[in-house]
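Source file: upload31.cif (mmCIF, C-alpha atoms and all ligand atoms)
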data_final
loop_
_atom_site.group_PDB
_atom_site.id
_atom_site.type_symbol
_atom_site.label_atom_id
_atom_site.label_comp_id
_atom_site.auth_asym_id
_atom_site.auth_seq_id
_atom_site.Cartn_x
_atom_site.Cartn_y
_atom_site.Cartn_z
ATOM 1 C CA MET L 1 5.768 -67.976 -52.157
ATOM 2 C CA THR L 2 7.656 -65.507 -54.373
ATOM 3 C CA PRO L 3 10.502 -66.732 -56.659
ATOM 4 C CA SER L 4 12.965 -64.983 -54.320
ATOM 5 C CA GLY L 5 11.429 -66.759 -51.311
ATOM 6 C CA ARG L 6 11.624 -70.134 -53.107
ATOM 7 C CA PHE L 7 15.282 -69.501 -53.958
ATOM 8 C CA GLN L 8 16.089 -68.676 -50.336
ATOM 9 C CA LEU L 9 14.320 -71.842 -49.204
ATOM 10 C CA LEU L 10 16.391 -73.884 -51.655
ATOM 11 C CA VAL L 11 19.626 -72.280 -50.392
ATOM 12 C CA TRP L 12 18.566 -72.967 -46.803
ATOM 13 C CA ARG L 13 17.863 -76.654 -47.556
ATOM 14 C CA LEU L 14 21.214 -76.965 -49.321
ATOM 15 C CA ARG L 15 22.979 -75.489 -46.286
ATOM 16 C CA LEU L 16 21.324 -78.104 -44.061
ATOM 17 C CA GLN L 17 22.381 -80.880 -46.474
ATOM 18 C CA LEU L 18 25.897 -79.446 -46.478
ATOM 19 C CA ARG L 19 26.212 -80.382 -42.832
ATOM 20 C CA LYS L 20 25.377 -84.030 -43.552
ATOM 21 C CA SER L 21 26.912 -85.000 -46.905
ATOM 22 C CA GLU L 22 30.715 -85.305 -47.265
ATOM 23 C CA LEU L 23 30.445 -85.360 -51.083
ATOM 24 C CA LEU L 24 28.359 -82.176 -51.102
ATOM 25 C CA ARG L 25 30.819 -80.517 -48.689
ATOM 26 C CA TRP L 26 33.711 -81.394 -51.012
ATOM 27 C CA LEU L 27 31.862 -80.118 -54.110
ATOM 28 C CA VAL L 28 30.838 -76.873 -52.447
ATOM 29 C CA SER L 29 34.377 -76.229 -51.183
ATOM 30 C CA ARG L 30 35.694 -76.691 -54.774
ATOM 31 C CA ILE L 31 33.191 -74.196 -56.169
ATOM 32 C CA ARG L 32 33.795 -71.693 -53.351
ATOM 33 C CA ALA L 33 37.547 -71.850 -53.941
ATOM 34 C CA LEU L 34 36.890 -70.086 -57.274
ATOM 35 C CA LEU L 35 35.310 -67.054 -55.555
ATOM 36 C CA PRO L 36 37.053 -64.343 -53.504
ATOM 37 C CA ASP L 37 36.463 -65.085 -49.816
ATOM 38 C CA THR L 38 36.726 -61.502 -48.556
ATOM 39 C CA ARG L 39 34.913 -60.068 -45.550
ATOM 40 C CA GLU L 40 33.783 -57.029 -47.585
ATOM 41 C CA ARG L 41 32.077 -59.223 -50.180
ATOM 42 C CA HIS L 42 30.294 -61.288 -47.542
ATOM 43 C CA LEU L 43 29.143 -58.207 -45.611
ATOM 44 C CA ARG L 44 27.552 -57.035 -48.885
ATOM 45 C CA GLY L 45 25.927 -60.475 -49.093
ATOM 46 C CA GLU L 46 24.549 -59.980 -45.571
ATOM 47 C CA VAL L 47 22.891 -56.734 -46.690
ATOM 48 C CA GLY L 48 21.456 -58.613 -49.690
ATOM 49 C CA PHE L 49 19.987 -61.268 -47.395
ATOM 50 C CA TRP L 50 18.216 -58.674 -45.195
ATOM 51 C CA ASP L 51 17.020 -56.822 -48.314
ATOM 52 C CA ARG L 52 15.232 -60.006 -49.428
ATOM 53 C CA TRP L 53 14.064 -60.701 -45.853
ATOM 54 C CA LEU L 54 12.462 -57.250 -45.613
ATOM 55 C CA ALA L 55 11.058 -57.400 -49.168
ATOM 56 C CA THR L 56 9.283 -60.679 -48.378
ATOM 57 C CA GLN L 57 8.449 -59.763 -44.770
ATOM 58 C CA GLY L 58 10.576 -62.510 -43.293
ATOM 59 C CA LEU L 59 11.201 -64.940 -46.207
ATOM 60 C CA HIS L 60 9.971 -68.260 -44.781
ATOM 61 C CA TRP L 61 10.008 -66.882 -41.204
ATOM 62 C CA PRO L 62 7.002 -64.476 -41.220
ATOM 63 C CA ASP L 63 6.450 -64.947 -37.467
ATOM 64 C CA ASP L 64 10.006 -63.787 -36.817
ATOM 65 C CA TYR L 65 9.407 -60.674 -38.955
ATOM 66 C CA GLU L 66 6.285 -59.805 -36.974
ATOM 67 C CA TYR L 67 7.931 -60.533 -33.621
ATOM 68 C CA ARG L 68 10.876 -58.241 -34.300
ATOM 69 C CA LEU L 69 8.514 -55.395 -35.199
ATOM 70 C CA ASP L 70 6.092 -55.955 -32.308
ATOM 71 C CA PRO L 71 6.643 -53.324 -29.574
ATOM 72 C CA SER L 72 4.850 -55.625 -27.102
ATOM 73 C CA GLY L 73 6.680 -58.853 -28.075
ATOM 74 C CA ALA L 74 7.785 -60.785 -24.951
ATOM 75 C CA VAL L 75 11.451 -61.630 -24.368
ATOM 76 C CA HIS L 76 12.216 -65.285 -25.164
ATOM 77 C CA GLU L 77 14.232 -67.820 -23.181
ATOM 78 C CA PRO L 78 16.960 -68.007 -22.074
ATOM 79 C CA LEU L 79 16.983 -64.218 -21.720
ATOM 80 C CA ALA L 80 13.581 -64.226 -19.970
ATOM 81 C CA SER L 81 14.880 -66.306 -17.035
ATOM 82 C CA ILE L 82 18.006 -64.189 -16.862
ATOM 83 C CA LEU L 83 15.855 -61.041 -16.582
ATOM 84 C CA ASP L 84 13.805 -62.725 -13.825
ATOM 85 C CA SER L 85 17.002 -63.419 -11.901
ATOM 86 C CA MET L 86 17.993 -59.743 -11.842
ATOM 87 C CA ALA L 87 16.836 -57.654 -8.916
ATOM 88 C CA LYS L 88 16.560 -54.356 -10.800
ATOM 89 C CA THR L 89 13.295 -53.282 -12.427
ATOM 90 C CA ASP L 90 14.848 -50.963 -15.015
ATOM 91 C CA LEU L 91 17.244 -52.873 -17.209
ATOM 92 C CA GLU L 92 19.402 -51.582 -20.025
ATOM 93 C CA ILE L 93 20.228 -54.147 -22.689
ATOM 94 C CA LEU L 94 22.734 -53.912 -25.541
ATOM 95 C CA ASP L 95 22.316 -56.186 -28.572
ATOM 96 C CA VAL L 96 25.585 -56.540 -30.506
ATOM 97 C CA GLY L 97 25.358 -57.473 -34.194
ATOM 98 C CA ALA L 98 21.596 -57.012 -34.036
ATOM 99 C CA GLY L 99 20.867 -56.922 -37.760
ATOM 100 C CA PRO L 100 18.249 -54.405 -38.989
ATOM 101 C CA LEU L 101 15.672 -55.413 -36.345
ATOM 102 C CA THR L 102 16.866 -56.736 -33.006
ATOM 103 C CA VAL L 103 15.727 -60.267 -32.152
ATOM 104 C CA ILE L 104 15.257 -59.298 -28.490
ATOM 105 C CA GLY L 105 11.628 -59.035 -27.353
ATOM 106 C CA LYS L 106 10.613 -55.612 -26.146
ATOM 107 C CA THR L 107 8.717 -56.442 -22.943
ATOM 108 C CA HIS L 108 9.066 -58.621 -19.840
ATOM 109 C CA PRO L 109 6.693 -58.855 -16.860
ATOM 110 C CA GLY L 110 7.791 -56.675 -13.947
ATOM 111 C CA LYS L 111 10.679 -55.063 -15.871
ATOM 112 C CA ARG L 112 11.129 -51.879 -17.859
ATOM 113 C CA LEU L 113 13.519 -52.589 -20.722
ATOM 114 C CA SER L 114 15.644 -50.092 -22.578
ATOM 115 C CA ILE L 115 17.204 -51.789 -25.607
ATOM 116 C CA THR L 116 20.120 -50.468 -27.656
ATOM 117 C CA ALA L 117 20.876 -52.341 -30.887
ATOM 118 C CA THR L 118 24.189 -52.080 -32.723
ATOM 119 C CA ASP L 119 25.621 -53.543 -35.911
ATOM 120 C CA VAL L 120 28.557 -52.897 -38.199
ATOM 121 C CA LEU L 121 26.042 -52.644 -41.084
ATOM 122 C CA ALA L 122 23.621 -50.291 -39.317
ATOM 123 C CA ARG L 123 23.813 -47.595 -42.000
ATOM 124 C CA GLU L 124 23.015 -50.056 -44.767
ATOM 125 C CA TYR L 125 20.205 -51.631 -42.713
ATOM 126 C CA ASN L 126 18.621 -48.269 -41.936
ATOM 127 C CA ALA L 127 18.651 -47.446 -45.661
ATOM 128 C CA LEU L 128 16.807 -50.750 -46.222
ATOM 129 C CA LEU L 129 14.229 -49.937 -43.537
ATOM 130 C CA ASP L 130 13.623 -46.578 -45.222
ATOM 131 C CA LYS L 131 13.358 -48.274 -48.625
ATOM 132 C CA PHE L 132 10.596 -50.553 -47.326
ATOM 133 C CA GLY L 133 8.929 -47.893 -45.150
ATOM 134 C CA VAL L 134 9.556 -49.908 -41.977
ATOM 135 C CA SER L 135 9.561 -48.044 -38.674
ATOM 136 C CA PRO L 136 11.440 -50.212 -36.130
ATOM 137 C CA PRO L 137 10.642 -50.302 -32.395
ATOM 138 C CA VAL L 138 14.437 -50.150 -31.852
ATOM 139 C CA ARG L 139 16.635 -48.579 -34.520
ATOM 140 C CA THR L 140 20.020 -50.249 -34.947
ATOM 141 C CA GLN L 141 22.994 -47.913 -34.635
ATOM 142 C CA PHE L 142 26.518 -48.325 -35.925
ATOM 143 C CA ALA L 143 29.096 -49.989 -33.703
ATOM 144 C CA GLU L 144 31.645 -52.732 -34.285
ATOM 145 C CA ALA L 145 31.774 -55.519 -31.701
ATOM 146 C CA GLU L 146 35.538 -55.078 -31.492
ATOM 147 C CA LYS L 147 35.332 -51.304 -30.764
ATOM 148 C CA LEU L 148 32.346 -50.950 -28.454
ATOM 149 C CA ARG L 149 34.180 -48.930 -25.780
ATOM 150 C CA GLU L 150 35.368 -46.381 -28.324
ATOM 151 C CA GLN L 151 32.115 -46.201 -30.301
ATOM 152 C CA LEU L 152 29.649 -46.289 -27.380
ATOM 153 C CA ALA L 153 31.868 -44.182 -25.138
ATOM 154 C CA GLY L 154 30.754 -43.967 -21.533
ATOM 155 C CA ARG L 155 27.725 -46.242 -21.896
ATOM 156 C CA HIS L 156 27.135 -49.289 -19.685
ATOM 157 C CA PHE L 157 24.455 -51.973 -19.678
ATOM 158 C CA ASP L 158 22.958 -54.590 -17.376
ATOM 159 C CA ILE L 159 22.936 -57.187 -20.151
ATOM 160 C CA VAL L 160 25.137 -57.241 -23.239
ATOM 161 C CA HIS L 161 23.767 -59.780 -25.700
ATOM 162 C CA ALA L 162 24.929 -61.227 -29.007
ATOM 163 C CA GLN L 163 22.987 -63.808 -30.989
ATOM 164 C CA ASN L 164 24.258 -65.391 -34.185
ATOM 165 C CA SER L 165 26.614 -62.456 -34.669
ATOM 166 C CA LEU L 166 29.820 -62.615 -32.649
ATOM 167 C CA ASP L 167 30.957 -65.709 -34.535
ATOM 168 C CA HIS L 168 30.441 -63.660 -37.743
ATOM 169 C CA SER L 169 32.815 -60.930 -36.511
ATOM 170 C CA ALA L 170 36.463 -60.476 -37.447
ATOM 171 C CA ASP L 171 37.666 -60.984 -33.861
ATOM 172 C CA PRO L 172 35.212 -62.515 -31.374
ATOM 173 C CA MET L 173 37.771 -62.550 -28.547
ATOM 174 C CA ALA L 174 38.089 -58.764 -28.799
ATOM 175 C CA GLY L 175 34.289 -58.621 -29.028
ATOM 176 C CA ILE L 176 33.883 -60.581 -25.776
ATOM 177 C CA GLU L 177 36.391 -58.316 -24.042
ATOM 178 C CA GLU L 178 34.538 -55.205 -25.263
ATOM 179 C CA MET L 179 31.135 -56.628 -24.312
ATOM 180 C CA LEU L 180 32.335 -57.416 -20.789
ATOM 181 C CA ALA L 181 33.832 -53.930 -20.462
ATOM 182 C CA LEU L 182 30.415 -52.375 -21.196
ATOM 183 C CA THR L 183 28.630 -54.678 -18.730
ATOM 184 C CA ARG L 184 27.857 -53.205 -15.317
ATOM 185 C CA PRO L 185 29.350 -55.082 -12.349
ATOM 186 C CA GLY L 186 26.760 -57.700 -11.429
ATOM 187 C CA GLY L 187 25.458 -57.741 -15.016
ATOM 188 C CA LEU L 188 25.797 -60.386 -17.695
ATOM 189 C CA VAL L 189 27.117 -60.987 -21.174
ATOM 190 C CA VAL L 190 24.761 -63.422 -22.942
ATOM 191 C CA LEU L 191 25.904 -65.229 -26.091
ATOM 192 C CA ILE L 192 23.681 -67.449 -28.257
ATOM 193 C CA HIS L 193 25.326 -69.004 -31.299
ATOM 194 C CA GLU L 194 25.231 -72.098 -33.467
ATOM 195 C CA GLU L 195 27.648 -74.715 -32.183
ATOM 196 C CA ASN L 196 30.865 -74.816 -34.248
ATOM 197 C CA GLU L 197 29.408 -72.717 -37.062
ATOM 198 C CA GLY L 198 32.820 -72.456 -38.749
ATOM 199 C CA GLN L 199 32.945 -76.250 -39.123
ATOM 200 C CA ASN L 200 29.323 -76.360 -40.268
ATOM 201 C CA GLU L 201 29.927 -73.765 -42.975
ATOM 202 C CA LEU L 202 33.411 -74.973 -44.042
ATOM 203 C CA TYR L 203 34.929 -71.739 -42.676
ATOM 204 C CA TYR L 204 33.497 -69.850 -45.639
ATOM 205 C CA ALA L 205 32.148 -66.306 -45.739
ATOM 206 C CA LEU L 206 31.687 -64.722 -42.282
ATOM 207 C CA HIS L 207 31.880 -68.168 -40.623
ATOM 208 C CA LYS L 208 35.517 -68.376 -39.523
ATOM 209 C CA TRP L 209 34.957 -69.230 -35.852
ATOM 210 C CA ASP L 210 33.814 -72.204 -33.785
ATOM 211 C CA PHE L 211 31.985 -71.637 -30.498
ATOM 212 C CA ALA L 212 31.610 -74.702 -28.271
ATOM 213 C CA CYS L 213 30.900 -75.709 -24.699
ATOM 214 C CA GLU L 214 33.396 -78.410 -23.701
ATOM 215 C CA ASP L 215 33.337 -79.948 -20.212
ATOM 216 C CA GLY L 216 31.489 -76.894 -18.968
ATOM 217 C CA HIS L 217 34.037 -74.482 -20.447
ATOM 218 C CA PHE L 218 33.267 -71.990 -23.214
ATOM 219 C CA VAL L 219 35.821 -72.526 -25.981
ATOM 220 C CA VAL L 220 36.405 -70.356 -29.065
ATOM 221 C CA GLY L 221 38.391 -71.827 -31.971
ATOM 222 C CA GLY L 222 39.617 -70.063 -35.085
ATOM 223 C CA PRO L 223 39.940 -68.324 -37.360
ATOM 224 C CA GLY L 224 39.600 -71.309 -39.667
ATOM 225 C CA PRO L 225 40.241 -74.967 -38.859
ATOM 226 C CA ASP L 226 43.857 -74.354 -37.804
ATOM 227 C CA GLY L 227 43.298 -71.379 -35.532
ATOM 228 C CA PRO L 228 44.056 -71.794 -31.816
ATOM 229 C CA ARG L 229 41.371 -72.887 -29.359
ATOM 230 C CA ARG L 230 40.918 -70.539 -26.409
ATOM 231 C CA ASP L 231 39.316 -71.461 -23.115
ATOM 232 C CA VAL L 232 37.292 -68.315 -22.453
ATOM 233 C CA THR L 233 36.137 -69.615 -19.059
ATOM 234 C CA GLU L 234 39.754 -69.724 -17.883
ATOM 235 C CA MET L 235 40.696 -66.458 -19.558
ATOM 236 C CA LEU L 236 37.939 -64.607 -17.712
ATOM 237 C CA ALA L 237 38.509 -66.287 -14.334
ATOM 238 C CA GLY L 238 38.873 -63.655 -11.637
ATOM 239 C CA LYS L 239 36.739 -61.060 -13.376
ATOM 240 C CA ALA L 240 33.682 -63.075 -14.416
ATOM 241 C CA GLU L 241 32.055 -66.459 -13.953
ATOM 242 C CA VAL L 242 31.251 -68.212 -17.193
ATOM 243 C CA GLU L 243 28.556 -70.837 -17.650
ATOM 244 C CA CYS L 244 27.830 -72.520 -20.936
ATOM 245 C CA TRP L 245 25.476 -75.187 -22.157
ATOM 246 C CA SER L 246 24.380 -76.647 -25.467
ATOM 247 C CA ASP L 247 21.123 -78.042 -26.813
ATOM 248 C CA GLY L 248 22.925 -79.869 -29.621
ATOM 249 C CA GLU L 249 22.411 -76.994 -32.081
ATOM 250 C CA CYS L 250 23.227 -73.814 -30.201
ATOM 251 C CA VAL L 251 25.777 -72.906 -27.576
ATOM 252 C CA TYR L 252 24.468 -70.658 -24.804
ATOM 253 C CA VAL L 253 26.906 -68.686 -22.684
ATOM 254 C CA ALA L 254 26.219 -66.521 -19.636
ATOM 255 C CA VAL L 255 29.176 -64.476 -18.394
ATOM 256 C CA ALA L 256 28.403 -62.966 -14.986
ATOM 257 C CA LYS L 257 30.634 -59.983 -14.342
ATOM 258 C CA LYS L 258 31.881 -59.918 -10.783
ATOM 259 C CA ALA L 259 30.992 -56.914 -8.718
ATOM 260 C CA GLN L 260 34.634 -55.880 -8.186
ATOM 261 C CA ALA L 261 35.973 -56.847 -11.614
ATOM 262 C CA PRO L 262 38.301 -54.506 -13.473
ATOM 263 C CA ILE L 263 36.925 -53.659 -16.913
ATOM 264 C CA SER L 264 40.050 -53.091 -18.931
ATOM 265 C CA SER L 265 41.465 -56.456 -20.012
ATOM 266 C CA THR L 266 40.514 -60.152 -20.107
ATOM 267 C CA ARG L 267 44.157 -60.970 -19.483
ATOM 268 C CA SER L 268 44.058 -59.371 -16.038
ATOM 269 C CA THR L 269 43.472 -61.766 -13.154
ATOM 270 C CA GLY L 270 41.469 -59.112 -11.261
ATOM 271 C CA ARG L 271 39.911 -59.517 -7.837
ATOM 272 C CA HIS L 272 37.183 -61.863 -6.850
ATOM 273 C CA GLY L 273 33.753 -60.334 -6.568
ATOM 274 C CA SER L 274 30.576 -61.598 -5.003
ATOM 275 C CA ARG L 275 28.040 -62.192 -7.764
ATOM 276 C CA ALA L 276 27.081 -65.774 -8.594
ATOM 277 C CA PRO L 277 26.156 -66.674 -12.171
ATOM 278 C CA VAL L 278 22.485 -67.148 -12.916
ATOM 279 C CA ALA L 279 22.715 -69.289 -15.994
ATOM 280 C CA ALA L 280 22.111 -72.606 -14.235
ATOM 281 C CA ALA L 281 18.563 -71.510 -13.598
ATOM 282 C CA THR L 282 17.995 -70.902 -17.293
ATOM 283 C CA ARG L 283 19.140 -74.230 -18.727
ATOM 284 C CA ARG L 284 16.639 -75.853 -21.032
HETATM 285 C C1 LIG W 1 23.461 -63.586 -39.117
HETATM 286 S S1 LIG W 1 23.258 -61.892 -38.711
HETATM 287 C C2 LIG W 1 22.379 -62.014 -37.177
HETATM 288 C C3 LIG W 1 21.637 -60.750 -36.811
HETATM 289 C C4 LIG W 1 20.824 -60.845 -35.515
HETATM 290 N N1 LIG W 1 21.683 -60.959 -34.344
HETATM 291 C C5 LIG W 1 19.871 -62.002 -35.550
HETATM 292 O O1 LIG W 1 20.026 -62.939 -34.753
HETATM 293 O O2 LIG W 1 18.984 -61.977 -36.378
HETATM 294 C C6 LIG W 1 24.917 -61.468 -38.187
HETATM 295 C C7 LIG W 1 25.056 -59.977 -37.936
HETATM 296 O O3 LIG W 1 26.307 -59.732 -37.313
HETATM 297 C C8 LIG W 1 26.786 -58.505 -37.817
HETATM 298 N N2 LIG W 1 28.229 -58.404 -37.571
HETATM 299 C C9 LIG W 1 29.219 -59.148 -38.103
HETATM 300 N N3 LIG W 1 30.402 -58.753 -37.652
HETATM 301 C C10 LIG W 1 30.169 -57.730 -36.790
HETATM 302 C C11 LIG W 1 30.997 -56.906 -35.983
HETATM 303 N N4 LIG W 1 32.328 -57.061 -35.986
HETATM 304 N N5 LIG W 1 30.421 -55.957 -35.229
HETATM 305 C C12 LIG W 1 29.086 -55.790 -35.231
HETATM 306 N N6 LIG W 1 28.248 -56.533 -35.974
HETATM 307 C C13 LIG W 1 28.774 -57.493 -36.733
HETATM 308 C C14 LIG W 1 26.418 -58.551 -39.284
HETATM 309 O O4 LIG W 1 26.464 -57.289 -39.888
HETATM 310 C C15 LIG W 1 25.023 -59.137 -39.214
HETATM 311 O O5 LIG W 1 24.035 -58.155 -39.126
#

Just give me the structure as structure tokens.
Ligand SMILES: C[S@@+](CC[C@H](N)C(=O)[O-])C[C@H]1O[C@@H](n2cnc3c(N)ncnc32)[C@H](O)[C@@H]1O
Amino acid sequence: MTPSGRFQLLVWRLRLQLRKSELLRWLVSRIRALLPDTRERHLRGEVGFWDRWLATQGLHWPDDYEYRLDPSGAVHEPLASILDSMAKTDLEILDVGAGPLTVIGKTHPGKRLSITATDVLAREYNALLDKFGVSPPVRTQFAEAEKLREQLAGRHFDIVHAQNSLDHSADPMAGIEEMLALTRPGGLVVLIHEENEGQNELYYALHKWDFACEDGHFVVGGPGPDGPRRDVTEMLAGKAEVECWSDGECVYVAVAKKAQAPISSTRSTGRHGSRAPVAAATRR
């Protein structure tokens, strides 16, 4: 392993320890208090991470590097079961906060997939891909989760997906609203995130938000430890059915947009549509 790879591995192990040791959490919070905790600085850090990831072809996740570049890579669960549950053969998928190479597999039996990947750092990521001579199966384009309607004007998708990204955004509630607006009636928003990542990471860097599934309701807390907790399941009632589940590490959320739902605001009560959520079938 290269020195850069070894350093990344050390940082990764420290982050895991951080979740377990109170003393380490206290020490790290003292050190971090000396550094500016600005979003701009941490977005630059994100670019630095992917620079090292591309330079080392995946750091200590070489299989992940290969998978993201494989044009025949199969879609993983829980998305695979969600695709199976959809009647259409041709499915358009949007990945929000995709990074330089979307994590979504490119093929699924019996379906033709058209994947659009977006990220607030798309320009920087595409410069990195050029630097390393990488030709991606899906090129990430610029769009902010909070401004999808404006920046992807007129486009709609069968599935709007975000993995390990929406809880890194400035305003995940706006992001959810935008994602649902771009979802076709009968389609789904699919969210896959670490449970309570803000708590895990001491609300530092891009980790200001906690995503959790509590009593079957999807709850978003933040920003920071004192931010309000919002019951997204209740907020979307009338326009979408929300299912969430957790495997102890990640929170999975499937938001099924009702056929008759208005697309303008999560605060609207809307009318009841006919589509039932499919997430129950995908629980692991
Ligand atoms: C930890 S990376 C995950 C990337 C990818 N989803 C994956 O699972 O590998 C988080 C990504 O979210 C992006 N991001 C953060 N805030 C965003 C926002 N408001 N809109 C779009 N992307 C955002 C970051 O630029 C970064 O690429």

With the cut-off set at 8 Å and counting all atoms listed in the file, tabulate each residue of chain L with an atom at most that distance from an atom of ligand LIG 1 (chain W), showing the nearest atom pair and its distance in Å to one decimal, ordered by chain and increasing number, as a Markdown table.
| residue | atom | partner | partner_atom | distance |
| --- | --- | --- | --- | --- |
| L:Leu43 | CA | W:LIG1 | O4 | 6.4 |
| L:Glu46 | CA | W:LIG1 | C15 | 6.4 |
| L:Val47 | CA | W:LIG1 | O4 | 7.7 |
| L:Asp95 | CA | W:LIG1 | N1 | 7.5 |
| L:Val96 | CA | W:LIG1 | C12 | 5.9 |
| L:Gly97 | CA | W:LIG1 | N6 | 3.5 |
| L:Ala98 | CA | W:LIG1 | N1 | 4.0 |
| L:Gly99 | CA | W:LIG1 | O5 | 3.7 |
| L:Pro100 | CA | W:LIG1 | O5 | 6.9 |
| L:Leu101 | CA | W:LIG1 | O2 | 7.4 |
| L:Thr102 | CA | W:LIG1 | C4 | 6.2 |
| L:Val103 | CA | W:LIG1 | O2 | 5.6 |
| L:Thr118 | CA | W:LIG1 | C12 | 6.6 |
| L:Asp119 | CA | W:LIG1 | N6 | 4.0 |
| L:Val120 | CA | W:LIG1 | C12 | 4.2 |
| L:Leu121 | CA | W:LIG1 | O4 | 4.8 |
| L:Ala122 | CA | W:LIG1 | O4 | 7.6 |
| L:Phe142 | CA | W:LIG1 | C12 | 7.9 |
| L:Ala143 | CA | W:LIG1 | C12 | 6.0 |
| L:Glu144 | CA | W:LIG1 | N5 | 3.6 |
| L:Ala145 | CA | W:LIG1 | N5 | 3.8 |
| L:Glu146 | CA | W:LIG1 | N4 | 5.9 |
| L:Ala162 | CA | W:LIG1 | N1 | 6.3 |
| L:Gln163 | CA | W:LIG1 | N1 | 4.6 |
| L:Asn164 | CA | W:LIG1 | C2 | 4.9 |
| L:Ser165 | CA | W:LIG1 | O3 | 3.8 |
| L:Leu166 | CA | W:LIG1 | N3 | 6.3 |
| L:Asp167 | CA | W:LIG1 | N3 | 7.6 |
| L:His168 | CA | W:LIG1 | C9 | 4.7 |
| L:Ser169 | CA | W:LIG1 | N3 | 3.4 |
| L:Ala170 | CA | W:LIG1 | N4 | 5.6 |
| L:Asp171 | CA | W:LIG1 | N4 | 7.0 |
| L:Pro172 | CA | W:LIG1 | N4 | 7.7 |
| L:Gly175 | CA | W:LIG1 | N4 | 7.4 |
| L:Leu206 | CA | W:LIG1 | C9 | 7.4 |

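Minimum distance to Thr233 (chain L) across L:Ala127, L:Glu92, L:Val253, L:Gln141 (counting all atoms listed in the file) occurs at L:Val253.
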
Residue among L:Leu59, L:Leu34, L:Thr107, L:Asp90 lying closest to Ala74 (chain L), counting all atoms listed in the file
L:Thr107

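Between CA of Gly187 (chain L) and CA of Lys88 (chain L) the interatomic distance comes to 10.4 Å.
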
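Residues in contact range of Glu195 (chain L), defined as at most 8 Å between all atoms listed in the file, with sequence neighbours fewer than 4 positions away removed, read Asp210, Phe211, Ala212, Ser246, Gly248, Glu249, Cys250 and Val251 of chain L.
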
With the PyMOL selection byres (((chain L and resi 220-228) around 8) and not hetatm) as the selection, what would be picked from this file? Answer as a PyMOL selection string, please.
chain L and resi 173+198-199+203+208-212+218-219+229-232

I need the residues from that last selection saved to file as a CSV table (one decimal), in the frame of the given file (with C-alpha atoms), if you can.
chain,number,residue,atom,x,y,z
L,173,MET,CA,37.8,-62.6,-28.5
L,198,GLY,CA,32.8,-72.5,-38.7
L,199,GLN,CA,32.9,-76.2,-39.1
L,203,TYR,CA,34.9,-71.7,-42.7
L,208,LYS,CA,35.5,-68.4,-39.5
L,209,TRP,CA,35.0,-69.2,-35.9
L,210,ASP,CA,33.8,-72.2,-33.8
L,211,PHE,CA,32.0,-71.6,-30.5
L,212,ALA,CA,31.6,-74.7,-28.3
L,218,PHE,CA,33.3,-72.0,-23.2
L,219,VAL,CA,35.8,-72.5,-26.0
L,229,ARG,CA,41.4,-72.9,-29.4
L,230,ARG,CA,40.9,-70.5,-26.4
L,231,ASP,CA,39.3,-71.5,-23.1
L,232,VAL,CA,37.3,-68.3,-22.5

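With all atoms listed in the file as the atoms that count, the minimum distance from Lys106 (chain L) to the choices L:Asp63, L:Glu177, L:Glu243, L:Asp70 is reached by L:Asp70.
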
Do a neighbour search on Gly73 (chain L) at 10 Å with only C-alpha atoms, toss out local chain neighbours closer than 3 positions, and write the hits as number ranges by chain.
L: 66-70, 76, 104-108

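Across the structure, CA of Gly48 (chain L) and CA of His60 (chain L) are spaced 15.8 Å apart.
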
Do you have the CA of Glu124 (chain L)-CA of Gly58 (chain L) distance handy?
17.7 Å

I'd like the contact shell of Leu83 (chain L) - 12 Å cut-off, all atoms listed in the file, skipping same-chain residues fewer than 2 positions apart - returned as JSON, numbers by chain.
{"L": [74, 75, 76, 77, 78, 79, 80, 81, 85, 86, 87, 88, 89, 90, 91, 92, 93, 105, 107, 108, 109, 110, 111, 112, 113, 158, 159, 187, 188, 190, 278, 279, 281, 282]}

Would you give the centre and edge lengths, in Å to one decimal, of a box along x, y and z around the listed atoms of region 255-259 of chain L, with 5 Å added to each side, as lines of an AutoDock Vina configuration file?
center_x = 30.1
center_y = -60.7
center_z = -13.6
size_x = 13.5
size_y = 17.6
size_z = 19.7

Please determine, counting all atoms listed in the file, which residue among L:Leu128, L:Pro62, L:Ala117, L:Leu202 has the shortest atom-to-atom distance to Ala33 (chain L).
L:Leu202

Near Leu180 (chain L), counting only C-alpha atoms, which residues have an atom at most 12 Å away, once you skip same-chain residues fewer than 2 positions from it, shown as number ranges by chain?
L: 94, 96, 145-146, 148-149, 156-162, 173-178, 182-191, 236, 239-242, 254-258, 261-266

Any chance you could build region 107-112 of chain L out to N, CA and C atoms and write it as an mmCIF file, in the coordinates of the input?
data_model
loop_
_atom_site.group_PDB
_atom_site.id
_atom_site.type_symbol
_atom_site.label_atom_id
_atom_site.label_comp_id
_atom_site.auth_asym_id
_atom_site.auth_seq_id
_atom_site.Cartn_x
_atom_site.Cartn_y
_atom_site.Cartn_z
ATOM 1 N N THR L 107 9.349 -56.542 -24.263
ATOM 2 C CA THR L 107 8.717 -56.442 -22.943
ATOM 3 C C THR L 107 8.998 -57.694 -22.107
ATOM 4 N N HIS L 108 8.941 -57.488 -20.767
ATOM 5 C CA HIS L 108 9.066 -58.621 -19.840
ATOM 6 C C HIS L 108 8.315 -58.254 -18.562
ATOM 7 N N PRO L 109 7.505 -59.192 -18.031
ATOM 8 C CA PRO L 109 6.693 -58.855 -16.860
ATOM 9 C C PRO L 109 7.548 -58.333 -15.700
ATOM 10 N N GLY L 110 7.117 -57.218 -15.125
ATOM 11 C CA GLY L 110 7.791 -56.675 -13.947
ATOM 12 C C GLY L 110 9.061 -55.907 -14.244
ATOM 13 N N LYS L 111 9.431 -55.777 -15.528
ATOM 14 C CA LYS L 111 10.679 -55.063 -15.871
ATOM 15 C C LYS L 111 10.377 -53.963 -16.894
ATOM 16 N N ARG L 112 11.149 -52.899 -16.812
ATOM 17 C CA ARG L 112 11.129 -51.879 -17.859
ATOM 18 C C ARG L 112 12.441 -52.018 -18.627
#
